[in-house]
Every structure is written in structure tokens, then in C-alpha cells.
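Participant: Pasting upload-v5.csv here (CSV, C-alpha atoms):
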chain,number,residue,atom,x,y,z
B,1,MET,CA,95.5,84.9,45.9
B,2,ALA,CA,93.8,87.3,43.4
B,3,ALA,CA,90.6,85.4,43.8
B,4,ALA,CA,90.8,85.7,47.6
B,5,LEU,CA,91.4,89.4,47.5
B,6,LEU,CA,88.6,89.9,45.0
B,7,ARG,CA,86.2,88.0,47.3
B,8,VAL,CA,87.2,90.2,50.3
B,9,PHE,CA,86.6,93.3,48.2
B,10,VAL,CA,83.2,92.2,47.1
B,11,CYS,CA,82.1,91.3,50.6
B,12,ARG,CA,83.2,94.6,52.1
B,13,THR,CA,81.6,96.8,49.4
B,14,SER,CA,78.4,94.8,49.5
B,15,GLY,CA,78.0,94.8,53.3
B,16,ARG,CA,78.1,91.0,53.4
B,17,ILE,CA,80.0,88.8,55.9
B,18,CYS,CA,81.6,86.0,53.7
B,19,SER,CA,83.1,82.7,54.6
B,20,GLY,CA,84.1,79.4,52.9
B,21,SER,CA,85.6,79.0,49.5
B,22,TRP,CA,84.7,81.1,46.4
B,23,GLY,CA,82.7,78.3,44.9
B,24,GLN,CA,80.8,77.5,48.2
B,25,GLN,CA,80.4,80.9,49.6
B,26,ARG,CA,78.0,81.7,52.5
B,27,SER,CA,77.0,85.2,53.2
B,28,LEU,CA,74.9,87.2,55.7
B,29,ASN,CA,73.7,90.6,54.7
B,30,THR,CA,74.3,93.0,57.6
B,31,GLY,CA,72.1,95.7,56.3
B,32,HIS,CA,74.5,98.3,57.5
B,33,GLY,CA,77.0,98.4,54.6
B,34,SER,CA,80.6,98.6,55.9
B,35,ARG,CA,79.6,100.1,59.3
B,36,LEU,CA,80.8,98.3,62.4
B,37,ARG,CA,78.2,97.1,64.8
B,38,PRO,CA,78.4,98.9,68.1
B,39,ARG,CA,78.6,97.0,71.4
B,40,PRO,CA,76.0,98.2,74.0
B,41,ILE,CA,78.4,98.1,77.0
B,42,THR,CA,81.1,100.0,75.2
B,43,VAL,CA,78.6,102.7,74.0
B,44,LEU,CA,77.2,102.9,77.5
B,45,LEU,CA,80.6,103.4,79.1
B,46,VAL,CA,81.8,105.9,76.6
B,47,THR,CA,78.6,108.0,76.5
B,48,GLY,CA,78.1,107.9,80.3
B,49,SER,CA,81.7,108.8,81.1
B,50,GLY,CA,81.7,111.6,78.5
B,51,TYR,CA,78.4,113.0,79.9
B,52,LEU,CA,79.7,112.8,83.5
B,53,GLY,CA,83.0,114.4,82.6
B,54,TYR,CA,81.3,117.3,80.8
B,55,HIS,CA,78.9,117.7,83.7
B,56,PHE,CA,81.6,118.0,86.3
B,57,TYR,CA,83.6,120.3,84.0
B,58,ARG,CA,80.6,122.7,84.0
B,59,LYS,CA,80.0,122.2,87.7
B,60,GLY,CA,83.6,123.0,88.5
B,61,GLY,CA,83.3,126.3,86.7
B,62,GLN,CA,80.1,127.1,88.5
B,63,GLU,CA,81.8,126.5,91.9
B,64,GLU,CA,84.6,128.8,91.0
B,65,ASP,CA,82.1,131.5,90.3
B,66,GLY,CA,80.6,131.0,93.8
B,67,THR,CA,77.3,129.6,92.6
B,68,LEU,CA,75.9,126.4,94.0
B,69,PRO,CA,75.6,123.5,91.6
B,70,SER,CA,72.1,122.2,90.9
B,71,LEU,CA,71.1,118.7,92.0
B,72,ALA,CA,71.0,115.9,89.5
B,73,THR,CA,67.7,115.1,87.9
B,74,PRO,CA,66.2,111.6,88.3
B,75,THR,CA,67.2,110.9,84.6
B,76,GLN,CA,70.8,111.9,85.3
B,77,VAL,CA,70.9,109.7,88.4
B,78,ALA,CA,69.4,106.8,86.5
B,79,LEU,CA,72.0,107.2,83.7
B,80,TYR,CA,74.8,107.3,86.2
B,81,SER,CA,73.5,104.3,88.1
B,82,SER,CA,73.2,102.3,84.9
B,83,LEU,CA,76.9,102.2,84.5
B,84,PRO,CA,78.3,98.8,85.5
B,85,THR,CA,80.1,100.1,88.5
B,86,ARG,CA,79.6,96.9,90.5
B,87,LEU,CA,81.1,94.8,87.8
B,88,LEU,CA,84.0,97.2,87.3
B,89,SER,CA,84.6,97.2,91.1
B,90,ARG,CA,84.7,93.4,91.2
B,91,GLY,CA,87.2,93.5,88.3
B,92,TRP,CA,89.3,96.1,90.2
B,93,GLY,CA,89.2,94.0,93.3
B,94,ARG,CA,90.6,91.0,91.3
B,95,LEU,CA,93.3,93.2,89.7
B,96,ASN,CA,94.3,94.4,93.2
B,97,GLY,CA,95.0,90.7,94.2
B,98,VAL,CA,97.2,90.0,91.1
B,99,GLU,CA,100.9,89.6,92.2
B,100,LEU,CA,103.1,92.2,90.6
B,101,PRO,CA,106.6,91.1,89.3
B,102,SER,CA,109.3,92.3,91.6
B,103,TRP,CA,110.7,94.7,89.0
B,104,LEU,CA,107.3,96.3,88.4
B,105,ARG,CA,106.3,97.0,92.0
B,106,THR,CA,108.4,100.1,92.6
B,107,PRO,CA,107.4,102.0,89.4
B,108,VAL,CA,103.7,101.1,89.7
B,109,LEU,CA,103.4,102.0,93.4
B,110,SER,CA,105.6,105.1,93.1
B,111,LEU,CA,103.2,106.4,90.4
B,112,TYR,CA,100.3,105.8,92.7
B,113,ILE,CA,102.1,107.5,95.6
B,114,TRP,CA,103.0,110.5,93.4
B,115,THR,CA,99.4,110.7,92.0
B,116,PHE,CA,97.5,110.6,95.3
B,117,GLY,CA,100.1,112.2,97.6
B,118,VAL,CA,100.6,109.1,99.9
B,119,ASN,CA,102.7,109.8,102.9
B,120,MET,CA,105.0,106.7,103.0
B,121,GLU,CA,107.0,108.1,106.0
B,122,GLU,CA,104.1,106.9,108.2
B,123,ALA,CA,104.0,103.4,106.8
B,124,ALA,CA,105.3,100.5,108.9
B,125,GLU,CA,106.8,99.0,105.7
B,126,GLN,CA,108.4,101.5,103.4
B,127,ASP,CA,110.1,99.1,101.1
B,128,LEU,CA,107.8,98.9,98.0
B,129,HIS,CA,109.2,95.6,97.0
B,130,GLN,CA,107.5,94.0,100.1
B,131,TYR,CA,104.0,94.8,98.7
B,132,LYS,CA,103.1,91.9,96.5
B,133,ASN,CA,100.1,93.5,95.0
B,134,LEU,CA,98.1,96.7,95.0
B,135,GLY,CA,95.7,95.4,97.7
B,136,GLU,CA,98.5,94.9,100.2
B,137,PHE,CA,99.7,98.5,99.5
B,138,PHE,CA,96.2,99.9,100.0
B,139,ARG,CA,95.9,98.0,103.3
B,140,ARG,CA,99.3,99.0,104.6
B,141,ARG,CA,99.8,99.4,108.3
B,142,LEU,CA,101.2,102.4,110.1
B,143,LYS,CA,104.2,102.9,112.4
B,144,PRO,CA,103.5,102.8,116.1
B,145,ALA,CA,102.4,106.0,117.8
B,146,VAL,CA,101.8,107.9,114.5
B,147,ARG,CA,98.0,108.1,115.4
B,148,PRO,CA,97.8,109.1,119.1
B,149,LEU,CA,94.4,109.1,120.6
B,150,CYS,CA,93.0,112.5,121.8
B,151,ALA,CA,92.4,112.3,125.5
B,152,SER,CA,90.2,115.4,125.8
B,153,SER,CA,87.5,114.3,123.4
B,154,CYS,CA,84.8,111.7,124.0
B,155,LEU,CA,84.6,111.0,120.2
B,156,LEU,CA,87.5,110.4,117.9
B,157,SER,CA,87.9,110.4,114.1
B,158,PRO,CA,87.4,106.8,112.8
B,159,ALA,CA,89.6,107.3,109.7
B,160,ASP,CA,92.1,109.5,107.9
B,161,GLY,CA,90.3,111.8,105.4
B,162,LYS,CA,88.4,115.0,105.1
B,163,ILE,CA,85.3,116.2,107.1
B,164,LEU,CA,82.6,116.3,104.5
B,165,HIS,CA,79.8,117.4,106.9
B,166,PHE,CA,78.6,117.3,110.5
B,167,GLY,CA,75.9,118.6,112.7
B,168,LYS,CA,72.5,117.7,114.2
B,169,VAL,CA,69.9,115.5,112.5
B,170,LYS,CA,66.7,117.5,112.0
B,171,ASN,CA,63.3,116.2,111.0
B,172,SER,CA,64.8,112.7,110.3
B,173,GLU,CA,66.8,114.2,107.4
B,174,VAL,CA,70.6,114.1,107.4
B,175,GLU,CA,72.9,116.5,105.4
B,176,GLN,CA,75.5,114.7,103.3
B,177,VAL,CA,76.8,118.1,102.4
B,178,LYS,CA,75.4,121.5,103.1
B,179,GLY,CA,72.0,121.8,101.5
B,180,VAL,CA,71.8,118.2,100.2
B,181,THR,CA,70.1,115.7,102.4
B,182,TYR,CA,69.1,112.0,102.6
B,183,SER,CA,66.5,110.2,104.6
B,184,LEU,CA,67.6,108.8,108.0
B,185,GLU,CA,65.2,105.9,107.7
B,186,ASN,CA,66.3,105.0,104.1
B,187,PHE,CA,69.9,105.1,105.2
B,188,LEU,CA,69.6,102.9,108.4
B,189,GLY,CA,66.5,100.9,107.4
B,190,PRO,CA,63.7,99.8,109.8
B,191,GLN,CA,64.8,99.6,113.4
B,192,ARG,CA,63.7,97.4,116.3
B,193,THR,CA,63.9,99.2,119.6
B,194,GLU,CA,63.7,97.6,123.1
B,195,ASN,CA,60.8,99.8,124.0
B,196,THR,CA,58.3,99.0,121.3
B,197,VAL,CA,56.5,102.2,120.1
B,198,PRO,CA,53.2,101.8,118.4
B,199,ASP,CA,53.0,102.7,114.7
B,200,SER,CA,50.4,105.3,115.6
B,201,SER,CA,52.9,107.1,117.9
B,202,PRO,CA,53.6,110.7,116.8
B,203,LEU,CA,57.3,110.1,117.4
B,204,SER,CA,59.5,110.5,114.3
B,205,PHE,CA,62.0,107.9,113.2
B,206,ARG,CA,64.8,110.0,114.7
B,207,ASP,CA,63.1,110.2,118.1
B,208,ARG,CA,62.5,106.4,118.1
B,209,LEU,CA,66.2,105.8,118.0
B,210,MET,CA,67.0,107.9,121.0
B,211,SER,CA,66.8,106.7,124.6
B,212,SER,CA,66.2,110.2,126.2
B,213,PRO,CA,64.1,113.2,125.1
B,214,ASP,CA,66.9,115.4,126.6
B,215,HIS,CA,69.3,114.2,123.9
B,216,ASP,CA,69.9,115.1,120.3
B,217,LEU,CA,71.0,112.9,117.3
B,218,PHE,CA,74.3,114.0,115.7
B,219,HIS,CA,76.1,113.0,112.6
B,220,VAL,CA,79.6,113.4,111.0
B,221,VAL,CA,80.8,112.2,107.6
B,222,VAL,CA,84.5,111.5,106.9
B,223,TYR,CA,85.6,111.1,103.3
B,224,LEU,CA,88.6,108.9,102.6
B,225,ALA,CA,90.5,109.8,99.4
B,226,PRO,CA,92.5,107.1,97.5
B,227,GLY,CA,95.8,108.3,99.0
B,228,ASP,CA,94.6,108.1,102.6
B,229,TYR,CA,95.2,105.2,105.1
B,230,HIS,CA,92.4,102.8,104.3
B,231,CYS,CA,91.7,101.1,107.6
B,232,PHE,CA,89.0,102.5,109.9
B,233,HIS,CA,88.9,102.4,113.7
B,234,SER,CA,86.5,102.7,116.6
B,235,PRO,CA,85.8,106.3,117.6
B,236,THR,CA,84.8,105.5,121.1
B,237,ASP,CA,84.0,102.8,123.6
B,238,TRP,CA,80.8,101.1,122.5
B,239,ARG,CA,79.0,97.9,121.9
B,240,VAL,CA,78.1,96.6,118.5
B,241,GLU,CA,74.8,94.7,118.6
B,242,HIS,CA,73.7,94.5,115.0
B,243,ARG,CA,75.1,94.5,111.4
B,244,ARG,CA,73.0,95.4,108.4
B,245,HIS,CA,74.4,95.1,104.8
B,246,PHE,CA,72.7,97.0,102.0
B,247,PRO,CA,73.7,95.9,98.5
B,248,GLY,CA,73.4,98.8,96.1
B,249,SER,CA,75.1,100.9,93.6
B,250,LEU,CA,78.8,101.9,93.8
B,251,LEU,CA,78.7,105.5,92.7
B,252,SER,CA,81.6,107.8,93.5
B,253,VAL,CA,81.3,109.4,97.0
B,254,SER,CA,83.7,112.3,96.2
B,255,PRO,CA,82.6,115.7,97.5
B,256,GLY,CA,81.7,116.8,94.0
B,257,VAL,CA,79.3,113.9,93.5
B,258,ALA,CA,77.9,114.3,97.1
B,259,ARG,CA,76.9,117.8,96.2
B,260,TRP,CA,75.3,116.7,93.0
B,261,VAL,CA,73.4,113.4,93.8
B,262,ARG,CA,70.7,113.6,96.5
B,263,GLU,CA,70.5,110.5,98.8
B,264,LEU,CA,73.8,109.3,97.5
B,265,PHE,CA,74.6,107.4,100.6
B,266,CYS,CA,71.2,105.6,100.4
B,267,LEU,CA,71.9,104.5,96.9
B,268,ASN,CA,75.3,103.0,97.5
B,269,GLU,CA,76.2,99.7,99.0
B,270,ARG,CA,76.9,100.1,102.7
B,271,VAL,CA,77.5,98.2,106.0
B,272,VAL,CA,75.7,99.6,109.0
B,273,LEU,CA,77.0,98.6,112.5
B,274,SER,CA,74.6,99.8,115.2
B,275,GLY,CA,74.6,99.5,119.0
B,276,GLN,CA,75.0,101.5,122.2
B,277,TRP,CA,77.6,103.8,123.8
B,278,GLN,CA,77.5,105.6,127.1
B,279,HIS,CA,74.9,108.2,125.8
B,280,GLY,CA,72.6,105.8,124.0
B,281,PHE,CA,72.2,105.0,120.3
B,282,PHE,CA,75.3,104.7,118.1
B,283,SER,CA,75.8,103.7,114.5
B,284,TYR,CA,78.9,103.3,112.4
B,285,THR,CA,78.4,103.0,108.6
B,286,ALA,CA,81.0,102.1,106.0
B,287,VAL,CA,79.8,103.3,102.6
B,288,GLY,CA,81.1,101.7,99.4
B,289,ALA,CA,82.1,103.6,96.2
B,290,THR,CA,83.3,103.1,92.7
B,291,ASN,CA,86.1,100.6,92.8
B,292,VAL,CA,85.5,100.1,96.5
B,293,GLY,CA,83.0,97.2,96.5
B,294,SER,CA,85.0,95.4,99.1
B,295,ILE,CA,84.2,96.4,102.7
B,296,ARG,CA,85.8,94.2,105.3
B,297,ILE,CA,84.8,94.1,109.0
B,298,TYR,CA,87.4,92.2,111.0
B,299,PHE,CA,85.1,90.6,113.5
B,300,ASP,CA,82.5,89.5,110.9
B,301,GLN,CA,83.8,86.8,108.5
B,302,GLU,CA,80.4,86.1,107.1
B,303,LEU,CA,80.1,89.5,105.5
B,304,GLN,CA,80.6,89.5,101.7
B,305,THR,CA,80.1,92.8,99.9
B,306,ASN,CA,79.6,93.4,96.1
B,307,ALA,CA,78.8,89.8,95.5
B,308,PRO,CA,76.5,88.8,92.6
B,309,ARG,CA,74.2,86.7,94.7
B,310,TYR,CA,72.9,89.8,96.6
B,311,ARG,CA,69.9,91.6,95.1
B,312,GLU,CA,70.0,95.4,95.1
B,313,GLY,CA,67.3,97.0,97.1
B,314,SER,CA,67.3,94.4,99.8
B,315,PHE,CA,69.3,94.2,103.1
B,316,ASN,CA,70.8,91.4,105.1
B,317,ASP,CA,70.9,91.4,108.9
B,318,ARG,CA,73.1,89.7,111.5
B,319,SER,CA,72.8,90.1,115.3
B,320,TYR,CA,75.8,90.0,117.6
B,321,VAL,CA,73.7,89.7,120.7
B,322,SER,CA,73.5,86.4,122.5
B,323,ARG,CA,70.2,84.6,122.3
B,324,GLY,CA,69.3,82.0,124.9
B,325,GLY,CA,72.8,81.8,126.2
B,326,GLU,CA,74.3,81.2,122.7
B,327,ALA,CA,76.1,84.1,121.0
B,328,ASP,CA,74.8,84.6,117.4
B,329,GLY,CA,77.7,86.8,116.5
B,330,GLY,CA,79.6,87.8,119.5
B,331,VAL,CA,83.4,87.3,119.3
B,332,ALA,CA,86.5,87.7,121.5
B,333,LEU,CA,89.8,87.9,119.6
B,334,ARG,CA,92.9,89.9,119.2
B,335,THR,CA,94.7,90.5,115.9
B,336,GLY,CA,98.2,92.0,116.2
B,337,GLY,CA,99.2,94.4,119.0
B,338,GLU,CA,99.1,98.1,119.6
B,339,ALA,CA,102.3,98.6,117.6
B,340,ASP,CA,100.7,97.6,114.3
B,341,GLY,CA,97.2,99.0,115.0
B,342,GLY,CA,95.9,95.6,116.0
B,343,VAL,CA,92.3,95.2,117.1
B,344,ALA,CA,91.2,94.0,120.5
B,345,LEU,CA,87.6,92.8,120.3
B,346,ARG,CA,85.8,91.6,123.4
B,347,THR,CA,82.4,90.0,123.9
B,348,GLY,CA,80.1,91.6,126.5
B,349,GLY,CA,78.6,89.6,129.3
B,350,GLU,CA,75.4,87.5,128.9
B,351,ALA,CA,73.4,90.5,130.1
B,352,ASP,CA,74.4,92.8,127.2
B,353,GLY,CA,76.1,90.6,124.6
B,354,GLY,CA,77.4,92.1,121.3
B,355,VAL,CA,80.9,93.0,120.3
B,356,ALA,CA,82.7,95.4,122.7
B,357,LEU,CA,85.0,97.9,121.0
B,358,ARG,CA,87.3,100.3,122.6
B,359,ARG,CA,88.4,103.7,121.2
B,360,GLY,CA,91.1,103.2,118.7
B,361,ASP,CA,90.4,99.5,118.0
B,362,ALA,CA,90.7,98.6,114.3
B,363,VAL,CA,87.2,97.8,112.9
B,364,GLY,CA,87.8,97.1,109.2
B,365,GLU,CA,89.2,98.3,105.9
B,366,PHE,CA,88.4,99.5,102.4
B,367,ASN,CA,90.3,98.5,99.3
B,368,LEU,CA,90.4,102.1,98.2
B,369,GLY,CA,89.1,105.4,99.5
B,370,SER,CA,85.4,105.7,100.6
B,371,THR,CA,83.3,107.2,103.4
B,372,ILE,CA,82.5,106.6,107.0
B,373,VAL,CA,79.2,108.0,108.5
B,374,LEU,CA,78.7,108.2,112.3
B,375,LEU,CA,75.2,108.8,113.7
B,376,PHE,CA,75.0,109.0,117.5
B,377,GLU,CA,72.9,110.1,120.4
B,378,ALA,CA,74.4,112.5,122.8
B,379,PRO,CA,73.3,115.2,125.4
B,380,LYS,CA,72.3,118.5,123.8
B,381,ASP,CA,75.5,120.2,125.0
B,382,PHE,CA,77.7,118.0,122.8
B,383,SER,CA,79.6,120.3,120.4
B,384,PHE,CA,81.9,119.5,117.4
B,385,SER,CA,85.4,120.9,117.2
B,386,LEU,CA,85.5,120.8,113.4
B,387,GLN,CA,85.4,122.8,110.3
B,388,PRO,CA,83.8,121.6,107.0
B,389,GLY,CA,86.4,120.4,104.6
B,390,GLN,CA,89.2,120.1,107.2
B,391,PRO,CA,91.6,117.2,106.9
B,392,ILE,CA,91.6,114.8,109.9
B,393,ARG,CA,93.4,111.7,111.0
B,394,VAL,CA,92.5,108.6,113.1
B,395,GLY,CA,92.4,109.4,116.8
B,396,GLU,CA,91.9,113.2,116.5
B,397,GLY,CA,89.0,114.6,118.4
B,398,LEU,CA,85.7,115.2,116.8
B,399,GLY,CA,83.9,116.9,119.7
B,400,SER,CA,83.1,116.8,123.4
B,401,LEU,CA,80.6,117.6,126.0
B,402,ARG,CA,80.7,121.1,127.5
B,403,LEU,CA,80.0,119.8,130.9
B,404,ALA,CA,83.0,117.5,130.7
B,405,GLU,CA,85.2,120.4,129.5
B,406,ASP,CA,84.1,122.5,132.4
B,407,THR,CA,84.8,119.7,134.8
B,408,GLN,CA,88.3,119.2,133.4
B,409,GLY,CA,88.9,122.9,133.7
B,410,ALA,CA,87.9,122.9,137.3
B,411,GLU,CA,90.3,120.0,138.0
B,412,LEU,CA,93.1,121.8,136.3
B,413,ASN,CA,92.4,125.1,138.0
B,414,PRO,CA,91.0,124.4,141.4
B,415,ALA,CA,89.4,127.2,143.3
B,416,PRO,CA,91.6,128.8,146.0
B,417,VAL,CA,90.9,127.7,149.6
Represent the structure from my file as C-alpha cells, please.
Facilitator:
Amino acid sequence: MAAALLRVFVCRTSGRICSGSWGQQRSLNTGHGSRLRPRPITVLLVTGSGYLGYHFYRKGGQEEDGTLPSLATPTQVALYSSLPTRLLSRGWGRLNGVELPSWLRTPVLSLYIWTFGVNMEEAAEQDLHQYKNLGEFFRRRLKPAVRPLCASSCLLSPADGKILHFGKVKNSEVEQVKGVTYSLENFLGPQRTENTVPDSSPLSFRDRLMSSPDHDLFHVVVYLAPGDYHCFHSPTDWRVEHRRHFPGSLLSVSPGVARWVRELFCLNERVVLSGQWQHGFFSYTAVGATNVGSIRIYFDQELQTNAPRYREGSFNDRSYVSRGGEADGGVALRTGGEADGGVALRTGGEADGGVALRRGDAVGEFNLGSTIVLLFEAPKDFSFSLQPGQPIRVGEGLGSLRLAEDTQGAELNPAPV
């Protein structure tokens, strides 16, 4: 025993890793004395998290003083992007699927409800024991009629959350928050239009998307917090013709980060659904975030997000429009009924194809909070009925056409004869 203790003492003081018996001892000089060898991933996580925490602490103080925070430098963005958020998000996704013991479900879910202010009175299932894991709780369904559809608006909120920003798209640049923009072309990727425009055309990327010079291109961003209802719905009647999946980073999309990182939505993984509505071009994008690598689209079973086989910087396309009489991606199905927020998806005819969605139809879900970005063509007299930062729920109106409002007013108050 004494010999063993002496051997351990000698090894530790000399900086050697010893093994075997005292007589047949093998050693490796570490060259660092008694210091422990740091692990790169641990150091990266600790330093990166510490830096970001300090940055947002300072930024919060600046916002309280009323001064606008400065944008992140390329070095800061590179440091943030180097964190293994995709790996962490896959681990979080697996953890969400682990079945919780019955006795543990109530305390764990109650803590989550208290932390993020979840309104369980709206949940179709309020008994916490019925949620086998965290994933089922995140994807909980709502009671019937708790999300009525606004009849006076032509465009509805696709999700519960907070309005991050809205307005017109100018010079092919979109504002993710006031004063911080991203490139429309980088966000959507290259587009194929029915009316082929030569590359030498002076038309901008924005103008190439639209069907009429008398229209404008509008956008609205809805941020879903962790405590919000995580399913997202169709904001109007429209036809989905194409899906594009961009693998990418999974940075936080919270309002604070959106004010700090330029082109945040172009860096993150996202699924872009594009097609047509009654006024022309329409796109619906679900943006991933930290711990939200899983984006599910109900009518597209082929979609797999945050998968290791995808290479960042690329994109993957799928068309839902029929080709030569055979549908490449068109579907016709119904999941559930109106009572549980079920989705009714219909395929268009052979002339138009695609996936026909009606306002209020369920489109997909996140595993945690994230962001929905709508980009749509509309007449110039379209106006939003929103305020930046306001809370909003599925089915509430986003805006309407002034002409339609005037027509409704005339019907309600007819001129005297």
C-alpha cells in the first residue's frame, strides 16, 4: 500500500502518467506538470457562452439608455457560428423524445410552464400526465374555437408569437428588425419565374418575383417564444408550388440577437415554401433556431432538417407541381378535424398543381419557439394593422386592402335611396 501511494505521489509531482507495477513502470511525460489538459469543445462552449452572455449584458444596458446596439462584427458572428449549435439541437431533439416517468412529468412540465408562462387553459389536454415526453408537450393541440379566424382581414397571423417587424421590401433588402436588413435573394435563393427575364434585364430580384408593376412586395416576421403554441398555420388561401430547404446554422432568433446579427435569417437553417395567392407571389418560411433544428411540414414527409448528411451552404429543392400528368409532390389528405386544428390539404387540378392550402389550415410545427417570415405580393394599397413588438395569435388579422375595406363599409352602410 505504501509503495502504491509513493508511486502515485512521484507521478503527480513529476508530471508523468504512470501505469503498471512499481518494477515494470511505464510513464509518459506530459510536459505540463500537474495541469489538466483542456478539452477543445469544453473550452469553446465556456468561452463562447461567457462572451455572448457578457455581450448581451452590455447590450441590455445600452437599450435601457435608449441607444441602439451596434451590429456584430464578422469576427463576433464567426465566433458565435462556431458553437456546435446543430449538434446541441440534435441532442435536444433526442432528449425531447425520451419518455418521462409518470411521477416526473408534472414537476418537469410545471417548471417549464412557470418559466415560460404557458397558458394551459387553452390546451386540449390539460392533464400533464398524458404528455409522455417534452416533445408531445411542445406540440400540444388547442381547444376548439380558441383561435377564431378574422373575417375582415385577407391575411392572418400564421402563428402565436410577437411581431418582430413588418413593412415593404425596398431595394431587394428586407428588414429583420428596424435598421438591420438581409438580402432577399440570399434568403430565398435563385428563383425560376414563368416569364423568363434575361440576365441583362434592369429588373431587380424583387421585381422579378412580382407579377404586376402595380403591386408591392411586403413582409412580416412573427417570433415564437418557447412558451408559445408551436404549430404554424396557413395565413390565407394559397397554392404551394415549391419547397426549398437551406441547411445552415442554428443561432438564436430572439429579438436581441436579431438586432445584433445582420442577415441572421440567411445564416440559419430554414424551409421556404413558395407559390401563388390571389395577388401573385407568396412565400412562407419557417426559420430554425438554437434547439429548434426540427422543422416539420405536414404534407412533406421527405423533408429532414438538421441532419448530418446535409452540407451547410447548399439548398435542396422539391416541386409540388405536376409534371407530365404525374404529381411530383402534390398531396390530398386530411389529418384530424376542425376541433383539434386538423389540416385539410388539397391538390390543385392538372392545370395548376401544387398543394392547395386554405386559411387556418395547419402547415407544420417546431419543437420549440422559432420564427415565421411571410413575403408576399399585394396591391399597393395593402396596409398592415400591426404595431412592432405586439403579441399576436393564430387567426388574428395582419392587414387588409383599403379597397376591400371601403367595399365592406359601403355594404354595411348603403347609400339612402
Participant: Wanna dump the region 86-125 of chain B-region 296-309 of chain B contacts at 12 Å for me, each residue with its shortest atom pair and the distance in Å to one decimal, counting all atoms listed in the file, ordered by chain and number, as a tab-separated table?
Facilitator:
residue	atom	partner	partner_atom	distance
B:Arg86	CA	B:Asn306	CA	6.6
B:Leu87	CA	B:Asn306	CA	8.5
B:Leu88	CA	B:Asn306	CA	10.5
B:Ser89	CA	B:Asn306	CA	8.0
B:Arg90	CA	B:Asn306	CA	7.1
B:Gly91	CA	B:Asn306	CA	10.9
B:Trp92	CA	B:Asn306	CA	11.7
B:Gly93	CA	B:Asn306	CA	10.0
Participant: If I take CA of Met210 (chain B) and CA of Asn186 (chain B), how far is one from the other in Å, to one decimal?
Facilitator: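 We find that CA of Met210 (chain B) and CA of Asn186 (chain B) lie 17.2 Å from each other.
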Participant: Of the residues B:Leu184, B:Cys266, B:Leu100, B:Ala258, which is the one nearest to Asp207 (chain B), using only C-alpha atoms?
Facilitator: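 The shortest atom-to-atom distance to Asp207 (chain B) comes from B:Leu184.
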Participant: Leaving out Gly179 (chain B) and any residue of its chain fewer than 2 positions from it, which residues lie within 10 Å of it when counting only C-alpha atoms, given as a ChimeraX atom specification?
Facilitator: /B:68,174-177,181,259,262
Participant: In Å to one decimal, how far is CA of Ile392 (chain B) from CA of Lys178 (chain B)?
Facilitator: 18.8 Å
Participant: Smallest atom-to-atom distance to Asn268 (chain B): which of B:Gly280, B:Gly117, B:Pro148, B:Gly288, using all atoms listed in the file?
Facilitator: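 Among the listed residues, B:Gly288 lies closest to Asn268 (chain B).
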Participant: B:Tyr80, B:Tyr131, B:Phe116, B:Phe382: which is nearest Glu99 (chain B), counting all atoms listed in the file?
Facilitator: B:Tyr131
Participant: Which polymer residues have any atom within 7 Å of an atom of Arg105 (chain B), counting only C-alpha atoms, with same-chain residues fewer than 4 positions away left out, as a short mmCIF file (atom, residue, chain, number, x, y, z; two decimals) with C-alpha atoms, in the coordinates of the input?
Facilitator:
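This is the output file selection30.cif:
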data_model
loop_
_atom_site.label_atom_id
_atom_site.label_comp_id
_atom_site.auth_asym_id
_atom_site.auth_seq_id
_atom_site.Cartn_x
_atom_site.Cartn_y
_atom_site.Cartn_z
CA LEU B 100 103.10 92.20 90.60
CA PRO B 101 106.60 91.10 89.30
CA LEU B 109 103.40 102.00 93.40
CA LEU B 128 107.80 98.90 98.00
CA HIS B 129 109.20 95.60 97.00
#
Participant: For a test of reading the model, state the distance in Å between CA of Gln126 (chain B) and CA of Val287 (chain B), rounded to one decimal.
Facilitator: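 Result for CA of Gln126 (chain B) versus CA of Val287 (chain B): 28.7 Å, one decimal.
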Participant: Would you pick out the contacts of Asn119 (chain B) at 12 Å or less, using only C-alpha atoms, so that residues sharing its chain but fewer than 6 positions from it are not included, and give the list as a VMD selection string?
Facilitator: chain B and resid 110 112 to 113 125 to 126 140 142 to 143 146 160 226 to 229
Participant: Restricting the calculation to only C-alpha atoms, which member of B:Gly397, B:Tyr223, B:Thr75, B:Phe376 is positioned closest to Lys162 (chain B)?
Facilitator: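 Residue with the minimum atom-to-atom distance to Lys162 (chain B): B:Tyr223.
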Participant: Of the candidates B:His233, B:Arg208, B:Leu368, B:Asn316, which shows the shortest atom-to-atom distance to Ser252 (chain B), using all atoms listed in the file?
Facilitator: B:Leu368
Participant: Rank B:Arg141, B:His245, B:Arg270, B:His279 by their smallest atom-to-atom distance to Ser211 (chain B), using only C-alpha atoms, and report the top residue only.
Facilitator: B:His279
Participant: Please identify all polymer residues within 10 Å of Asp381 (chain B), counting only C-alpha atoms, omitting same-chain residues fewer than 3 positions from it, and present them as a ChimeraX atom specification.
Facilitator: /B:214-216,378,384,400-404
Participant: Please, could you write that set of residues out with C-alpha atoms as a CSV table (one decimal), keeping the file's coordinate frame?
Facilitator:
chain,number,residue,atom,x,y,z
B,214,ASP,CA,66.9,115.4,126.6
B,215,HIS,CA,69.3,114.2,123.9
B,216,ASP,CA,69.9,115.1,120.3
B,378,ALA,CA,74.4,112.5,122.8
B,384,PHE,CA,81.9,119.5,117.4
B,400,SER,CA,83.1,116.8,123.4
B,401,LEU,CA,80.6,117.6,126.0
B,402,ARG,CA,80.7,121.1,127.5
B,403,LEU,CA,80.0,119.8,130.9
B,404,ALA,CA,83.0,117.5,130.7
